[in-house]
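Asks: Dropping a structure here in structure tokens format, bear with me for questions.
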Amino acid sequence: MLAATFRRSEQQDAMDTYYDPKDLAKFPEIGAHAPELAKKFFDYYGAVFADGALTAREKALVALGAAYAVQCPYCIDAYTRETMKMGCDVEQLTEVTHVAAAIKGGAVLAHGVQMRNTADKLGM
């Protein structure tokens with residue numbers, strides 16, 4: 001009985017999250033109260049993701065990695081969908097995940113220099 005209640009509770013929690021996946025579809029509405037700024041942003045956004053020195057597909061993969069780094073669940077959702085629509089497979093997306101993890105982990109370790117500098121100043 002307790003296990004069944006716990007499972008129902010977990011399911012409910014999964015459905016009542018702060019980041020509701022349905023909210024991703026509301027993104028175009030973000031400019032409702034500032035349409036001029038929204039237009040400028042969306043024009044810029046579209047230009048950034050157009051083919052250039054990098055293909056749109058390559059840029060979408062970069063965006064997925066950046067989404068992990070900034071920890072944006074909406075971006076992770078959107079760019080997972082976008083990259084798969086562009087022909088990427090789960091193996092490629094998993095590599096992006098590991099690249100982002102390595103960069104994020106490396107940044108944490110690099111900031112360890114600050115700790116060491118402070119510890120050295122304190123004579124520890």
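In the structure tokens, chains take letters A, B, ... by order of appearance, with residues numbered from 1 within each chain and ligands from 1 in the order shown.
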Please list as a list in words every residue within 8 Å of Val99 of chain A, counting only C-alpha atoms and excluding residues in the same chain fewer than 4 positions away.

Replies: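 Selected residues are Gly65, Glu95 and Ile103 of chain A.
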
Asks: Find the spatial neighbours of Gly87 of chain A, counting only C-alpha atoms, within a cut-off of 12 Å - ignore same-chain residues fewer than 3 positions away - and output them as a list in words.

Replies: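 Answer for this query is Ala56, Arg57, Glu58, Ala60, Leu61, Thr80, Arg81, Glu82, Thr83, Met84, Val90, Glu91, Gln92 and Leu93 of chain A.
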
Asks: What residues in chain A get the DSSP label alpha helix (DSSP H)? Please answer as a PyMOL selection string.

Replies: chain A and resi 2-15+35-48+56-70+73-85+90-110+112-121

Asks: Measure the distance from atom CA of Ala101 of chain A to atom CA of Tyr79 of chain A in Å and round it to one decimal.

Replies: 16.7 Å

Asks: What is the atom CA of Val96 of chain A-atom CA of Leu64 of chain A distance in Å, reported with one decimal?

Replies: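 Going from atom CA of Val96 of chain A over to atom CA of Leu64 of chain A, I get 7.3 Å.
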
Asks: Just the residues within 10 Å of Gly31 of chain A, please, counting only C-alpha atoms, with nothing from its chain fewer than 6 positions along; format it as JSON, numbers by chain.

Replies: {"A": [37, 38, 39, 41, 42]}

Asks: Under the rule that only C-alpha atoms are counted, which of A:Leu109, A:Asp51, A:Arg116, A:Tyr74 is the nearest residue to Lys26 of chain A?

Replies: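 Between A:Leu109, A:Asp51, A:Arg116, A:Tyr74, the residue approaching Lys26 of chain A most closely is A:Tyr74.
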
Asks: So, with only C-alpha atoms as the atoms that count, which of A:Thr94, A:Cys75, A:Asn117, A:His33 lies closest to Pro21 of chain A?

Replies: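 That would be A:Cys75, the residue with the smallest distance to Pro21 of chain A.
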
Asks: Could you work out how far atom CA of Ala34 of chain A lies from atom CA of Tyr68 of chain A, giving the answer in Å with one decimal?

Replies: 28.1 Å
